[in-house]
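Engineer: Pasting a structure here, questions to come.
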Amino acid sequence: MNTIQMVDLLGQYKRIKNEIDAALIHSIESSAFIQGPPVKELEAQLASYLNSASVIGCANGTDALQVAMMALALKPGDEIIVPAFTYIATVETAALLGLKLILAESDPHTFNISPASVEASITERTKAIVVVHLFGQCCAMEALMKISNQYGIPLIEDNAQAIGAFCQVEGMRKHAGTIGAIGTTSFFPSKNLGCYGDGGALFSQDATLAKQIRMICNHGQERKYYHDIIGVNSRLDTLQASILLVKLKHLDAYIAARQKAADFYDAQLSGIGGIQIPYRDPASSHVFHQYTLKVADGKRDALKSFLEKKGIPTMVYYPEPVHFQKAYASVEYPPGSLPVAELLARQVLSLPMHTELEESQQSYICQSIREFFA
Ligand SMILES: *Cc1c(COP(=O)(O)O)cnc(C)c1O
């Protein structure tokens, strides 16, 4: 049995080495390092894959969120509703723009933002809602879009973890990231569609917003040296785009490999008292960026170190909700104010999940978990 890893980027590369190496050499030899042809080509192919009107590449998933908020013309003091249980990038960008963070509760089963909590958080000052399709499964988009439309508040989908996932909205099967006003994603290496460095993208179905996004990413200019709005420098690197063009062709196979591994875990781990396997929402497919258990009775950390001693890495995504982070602590959200998000932070444990997992490795992981609870 090979060493078990949380992710195996080298193993994945080795299987597509010839394609990747050829694409990189081609890009280097053509020497169009900034906004070279692979960037446009990736934007077009990803738009077609996602059935999205536009895709705009940018430097990383955090920039994508910032640019999305800038494109919606959010101003300092505007309220933005965000999940309390998420990766920090989601809220960091809002804080940097001077927006007032309104933290919403999580759903205890899906880990995703609770639509009821979103609706209860709306005031006249609410100018945007950010939802995160956490661990690879879509938020309750039907309910969330109903709220977004009813109150006229634009919704940003942080789709860094769920590219390729589908969900049902008003009887239609839509790609995660293409449902709200703007979708964002990250091509961080360990993401489901990852490059070999930093990268990100935005999706929009609205031509005016797409144009605005493209200008903001490029110093607020449409025409070189004529700056109509204040922008940033956030470009998808050409070499990374050439890697992504190769990997996009394999994305469906990568998703299938993750789903197969998740099914295996489900079969082996369901029925163990003390842990809960990931809930599957019938309204969404799950692309398993992470396979995340809930461990009850305060045993999470003990299970984690038990597995570590057996050579099994696990991760806690995320150990603290936003309002427990030093930088984001506030009087509005004392401990106990967002009990579900707080409980999830104490219970979640993500098992190794990637495209190269072997069944022998998974059997050993599951057997070790059974041993802990025996
Ligand atoms: C990875 C991630 C980001 C940030 O992406 P970067 O490319 O690392 O900036 C944002 N949101 C979520 C939910 C993520 O998982």
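By order of appearance in the structure tokens: chains A, B, ..., then residues from 1 within every chain, and ligands from 1 in the order shown.
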Write as a list of chain:residue names the residues around ligand 1, taking 8 Å as the cut-off and counting only C-alpha atoms and all ligand atoms.
Structural biologist: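 Listed by chain and ascending number, the contacts are A:Ala59, A:Asn60, A:Gly61, A:Thr62, A:Asp63, A:Ala64, A:Leu65, A:Thr86, A:Tyr87, A:Ile88, A:Ala89, A:Thr90, A:Val132, A:His133, A:Leu134, A:Phe135, A:Asp158, A:Asn159, A:Ala160, A:Gln161, A:Thr185, A:Ser186, A:Phe187, A:Phe188, A:Lys191, A:Asp198, A:Gly199, A:Gly200.
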Engineer: May I have all residues of range 100-261 of chain A that DSSP, computed from the backbone, assigns to strand (DSSP E or B), given as a ChimeraX atom specification?
Structural biologist: /A:100-104,106,113,126-132,137,155-158,166-169,172-175,182-186,200-204,218,221-223,226-227,233
Engineer: Of the residues A:Pro339, A:Pro154, A:Pro282, A:Gly298, which is the one nearest to Cys138 in chain A, using only C-alpha atoms?
Structural biologist: A:Pro282
Engineer: Using only C-alpha atoms, find the one residue out of A:Ser270, A:Ser284, A:Ser368, A:Gln5 that sits nearest to Val169 in chain A.
Structural biologist: A:Ser284
Engineer: Write out as number ranges by chain each polymer residue whose atoms come within 10 Å of Leu24 in chain A, counting only C-alpha atoms; drop sequence neighbours fewer than 5 positions from it.
Structural biologist: A: 19, 29-30, 238-243
Engineer: Could you please take those selected residues and save N, CA, C and O atoms as a compact mmCIF listing (two decimals), in the first residue's frame?
Structural biologist:
```
# COMPACT_ATOMS: atom_id res chain seq x y z
N GLU A 19 0.73 15.09 -21.77
CA GLU A 19 -0.14 16.19 -22.21
C GLU A 19 0.27 17.51 -21.57
O GLU A 19 0.32 18.56 -22.22
N GLU A 29 7.35 28.27 -25.55
CA GLU A 29 7.96 28.59 -26.85
C GLU A 29 7.20 29.70 -27.58
O GLU A 29 7.78 30.46 -28.33
N SER A 30 5.90 29.80 -27.32
CA SER A 30 5.17 30.90 -27.99
C SER A 30 5.37 32.21 -27.24
O SER A 30 5.12 33.29 -27.77
N THR A 238 -0.84 32.62 -18.09
CA THR A 238 -0.94 31.85 -19.34
C THR A 238 -0.50 30.39 -19.16
O THR A 238 -1.15 29.46 -19.66
N LEU A 239 0.61 30.18 -18.44
CA LEU A 239 1.08 28.80 -18.22
C LEU A 239 0.04 28.00 -17.43
O LEU A 239 -0.22 26.83 -17.71
N GLN A 240 -0.56 28.65 -16.44
CA GLN A 240 -1.59 27.96 -15.65
C GLN A 240 -2.80 27.64 -16.51
O GLN A 240 -3.41 26.58 -16.40
N ALA A 241 -3.16 28.57 -17.41
CA ALA A 241 -4.31 28.32 -18.30
C ALA A 241 -4.02 27.13 -19.21
O ALA A 241 -4.91 26.31 -19.48
N SER A 242 -2.76 26.99 -19.65
CA SER A 242 -2.45 25.86 -20.55
C SER A 242 -2.53 24.54 -19.78
O SER A 242 -2.93 23.52 -20.34
N ILE A 243 -2.19 24.56 -18.50
CA ILE A 243 -2.35 23.36 -17.66
C ILE A 243 -3.84 23.05 -17.46
O ILE A 243 -4.29 21.90 -17.57
```
Engineer: List every residue of range 153-313 of chain A that DSSP, applied to the backbone, labels as helix (DSSP H, G or I), and write the result as a PyMOL selection string.
Structural biologist: chain A and resi 207-217+238-269+300-309
Engineer: Include N, CA and C atoms and write out the residues we just selected as a compact mmCIF listing (two decimals), in the first residue's frame.
Structural biologist:
```txt
# COMPACT_ATOMS: atom_id res chain seq x y z
N ALA A 207 -24.29 40.24 -19.34
CA ALA A 207 -23.24 40.81 -20.18
C ALA A 207 -22.64 42.08 -19.58
N THR A 208 -23.48 42.90 -18.95
CA THR A 208 -22.98 44.15 -18.36
C THR A 208 -22.04 43.85 -17.19
N LEU A 209 -22.46 42.92 -16.34
CA LEU A 209 -21.61 42.54 -15.20
C LEU A 209 -20.30 41.92 -15.69
N ALA A 210 -20.40 41.07 -16.71
CA ALA A 210 -19.21 40.40 -17.24
C ALA A 210 -18.21 41.43 -17.75
N LYS A 211 -18.71 42.46 -18.41
CA LYS A 211 -17.84 43.50 -18.96
C LYS A 211 -17.16 44.26 -17.81
N GLN A 212 -17.96 44.54 -16.78
CA GLN A 212 -17.44 45.24 -15.61
C GLN A 212 -16.33 44.40 -14.93
N ILE A 213 -16.59 43.11 -14.79
CA ILE A 213 -15.62 42.20 -14.15
C ILE A 213 -14.31 42.20 -14.93
N ARG A 214 -14.43 42.10 -16.26
CA ARG A 214 -13.23 42.06 -17.10
C ARG A 214 -12.42 43.35 -16.97
N MET A 215 -13.13 44.48 -16.89
CA MET A 215 -12.42 45.76 -16.74
C MET A 215 -11.73 45.86 -15.38
N ILE A 216 -12.45 45.45 -14.33
CA ILE A 216 -11.87 45.55 -12.98
C ILE A 216 -10.60 44.70 -12.88
N CYS A 217 -10.64 43.50 -13.45
CA CYS A 217 -9.46 42.61 -13.40
C CYS A 217 -8.28 43.22 -14.15
N THR A 238 -0.84 32.62 -18.09
CA THR A 238 -0.94 31.85 -19.34
C THR A 238 -0.50 30.39 -19.16
N LEU A 239 0.61 30.18 -18.44
CA LEU A 239 1.08 28.80 -18.22
C LEU A 239 0.04 28.00 -17.43
N GLN A 240 -0.56 28.65 -16.44
CA GLN A 240 -1.59 27.96 -15.65
C GLN A 240 -2.80 27.64 -16.51
N ALA A 241 -3.16 28.57 -17.41
CA ALA A 241 -4.31 28.32 -18.30
C ALA A 241 -4.02 27.13 -19.21
N SER A 242 -2.76 26.99 -19.65
CA SER A 242 -2.45 25.86 -20.55
C SER A 242 -2.53 24.54 -19.78
N ILE A 243 -2.19 24.56 -18.50
CA ILE A 243 -2.35 23.36 -17.66
C ILE A 243 -3.84 23.05 -17.46
N LEU A 244 -4.60 24.10 -17.19
CA LEU A 244 -6.05 23.92 -16.94
C LEU A 244 -6.78 23.40 -18.17
N LEU A 245 -6.30 23.79 -19.38
CA LEU A 245 -6.93 23.29 -20.60
C LEU A 245 -6.79 21.77 -20.69
N VAL A 246 -5.65 21.25 -20.24
CA VAL A 246 -5.47 19.79 -20.21
C VAL A 246 -6.36 19.19 -19.14
N LYS A 247 -6.33 19.77 -17.94
CA LYS A 247 -7.04 19.16 -16.82
C LYS A 247 -8.56 19.23 -16.97
N LEU A 248 -9.04 20.27 -17.64
CA LEU A 248 -10.50 20.39 -17.84
C LEU A 248 -11.05 19.18 -18.60
N LYS A 249 -10.24 18.66 -19.54
CA LYS A 249 -10.67 17.48 -20.30
C LYS A 249 -10.87 16.26 -19.40
N HIS A 250 -10.16 16.26 -18.27
CA HIS A 250 -10.24 15.12 -17.35
C HIS A 250 -11.17 15.38 -16.18
N LEU A 251 -11.78 16.58 -16.12
CA LEU A 251 -12.53 16.94 -14.91
C LEU A 251 -13.66 15.96 -14.60
N ASP A 252 -14.41 15.57 -15.61
CA ASP A 252 -15.52 14.64 -15.33
C ASP A 252 -15.01 13.31 -14.78
N ALA A 253 -13.88 12.84 -15.31
CA ALA A 253 -13.29 11.59 -14.79
C ALA A 253 -12.79 11.80 -13.36
N TYR A 254 -12.23 12.98 -13.08
CA TYR A 254 -11.77 13.27 -11.72
C TYR A 254 -12.94 13.29 -10.74
N ILE A 255 -14.04 13.91 -11.18
CA ILE A 255 -15.23 13.96 -10.32
C ILE A 255 -15.74 12.54 -10.06
N ALA A 256 -15.78 11.74 -11.13
CA ALA A 256 -16.26 10.35 -10.98
C ALA A 256 -15.37 9.57 -10.00
N ALA A 257 -14.06 9.80 -10.06
CA ALA A 257 -13.14 9.10 -9.15
C ALA A 257 -13.40 9.51 -7.70
N ARG A 258 -13.66 10.79 -7.48
CA ARG A 258 -13.97 11.27 -6.13
C ARG A 258 -15.29 10.68 -5.64
N GLN A 259 -16.27 10.64 -6.53
CA GLN A 259 -17.58 10.10 -6.14
C GLN A 259 -17.50 8.61 -5.83
N LYS A 260 -16.67 7.91 -6.59
CA LYS A 260 -16.49 6.47 -6.34
C LYS A 260 -15.84 6.27 -4.97
N ALA A 261 -14.83 7.07 -4.68
CA ALA A 261 -14.15 6.98 -3.37
C ALA A 261 -15.14 7.32 -2.25
N ALA A 262 -16.00 8.31 -2.49
CA ALA A 262 -16.98 8.70 -1.46
C ALA A 262 -18.00 7.58 -1.23
N ASP A 263 -18.43 6.95 -2.31
CA ASP A 263 -19.38 5.83 -2.17
C ASP A 263 -18.75 4.70 -1.35
N PHE A 264 -17.48 4.46 -1.60
CA PHE A 264 -16.76 3.41 -0.86
C PHE A 264 -16.72 3.75 0.63
N TYR A 265 -16.34 4.99 0.94
CA TYR A 265 -16.34 5.44 2.35
C TYR A 265 -17.74 5.27 2.96
N ASP A 266 -18.75 5.75 2.22
CA ASP A 266 -20.14 5.68 2.72
C ASP A 266 -20.49 4.25 3.12
N ALA A 267 -20.19 3.31 2.21
CA ALA A 267 -20.56 1.91 2.44
C ALA A 267 -19.84 1.34 3.66
N GLN A 268 -18.58 1.72 3.81
CA GLN A 268 -17.78 1.15 4.91
C GLN A 268 -18.04 1.84 6.25
N LEU A 269 -18.47 3.09 6.21
CA LEU A 269 -18.54 3.87 7.45
C LEU A 269 -19.95 4.09 7.98
N ARG A 300 -13.63 14.08 18.22
CA ARG A 300 -13.00 14.41 16.94
C ARG A 300 -11.47 14.44 17.02
N ASP A 301 -10.95 15.20 17.98
CA ASP A 301 -9.50 15.37 18.04
C ASP A 301 -8.79 14.06 18.41
N ALA A 302 -9.45 13.25 19.25
CA ALA A 302 -8.87 11.96 19.64
C ALA A 302 -8.83 11.03 18.43
N LEU A 303 -9.89 11.04 17.63
CA LEU A 303 -9.90 10.21 16.41
C LEU A 303 -8.81 10.67 15.45
N LYS A 304 -8.68 11.99 15.32
CA LYS A 304 -7.66 12.55 14.42
C LYS A 304 -6.27 12.07 14.82
N SER A 305 -5.92 12.14 16.11
CA SER A 305 -4.56 11.72 16.49
C SER A 305 -4.40 10.20 16.44
N PHE A 306 -5.48 9.45 16.71
CA PHE A 306 -5.44 7.99 16.57
C PHE A 306 -5.09 7.63 15.12
N LEU A 307 -5.75 8.27 14.17
CA LEU A 307 -5.51 7.97 12.75
C LEU A 307 -4.10 8.41 12.33
N GLU A 308 -3.69 9.56 12.86
CA GLU A 308 -2.36 10.07 12.52
C GLU A 308 -1.27 9.06 12.91
N LYS A 309 -1.43 8.45 14.09
CA LYS A 309 -0.45 7.45 14.55
C LYS A 309 -0.43 6.23 13.64
```
Engineer: By how many Å are CA of Ala23 in chain A and CA of Gln45 in chain A apart?
Structural biologist: 15.6 Å
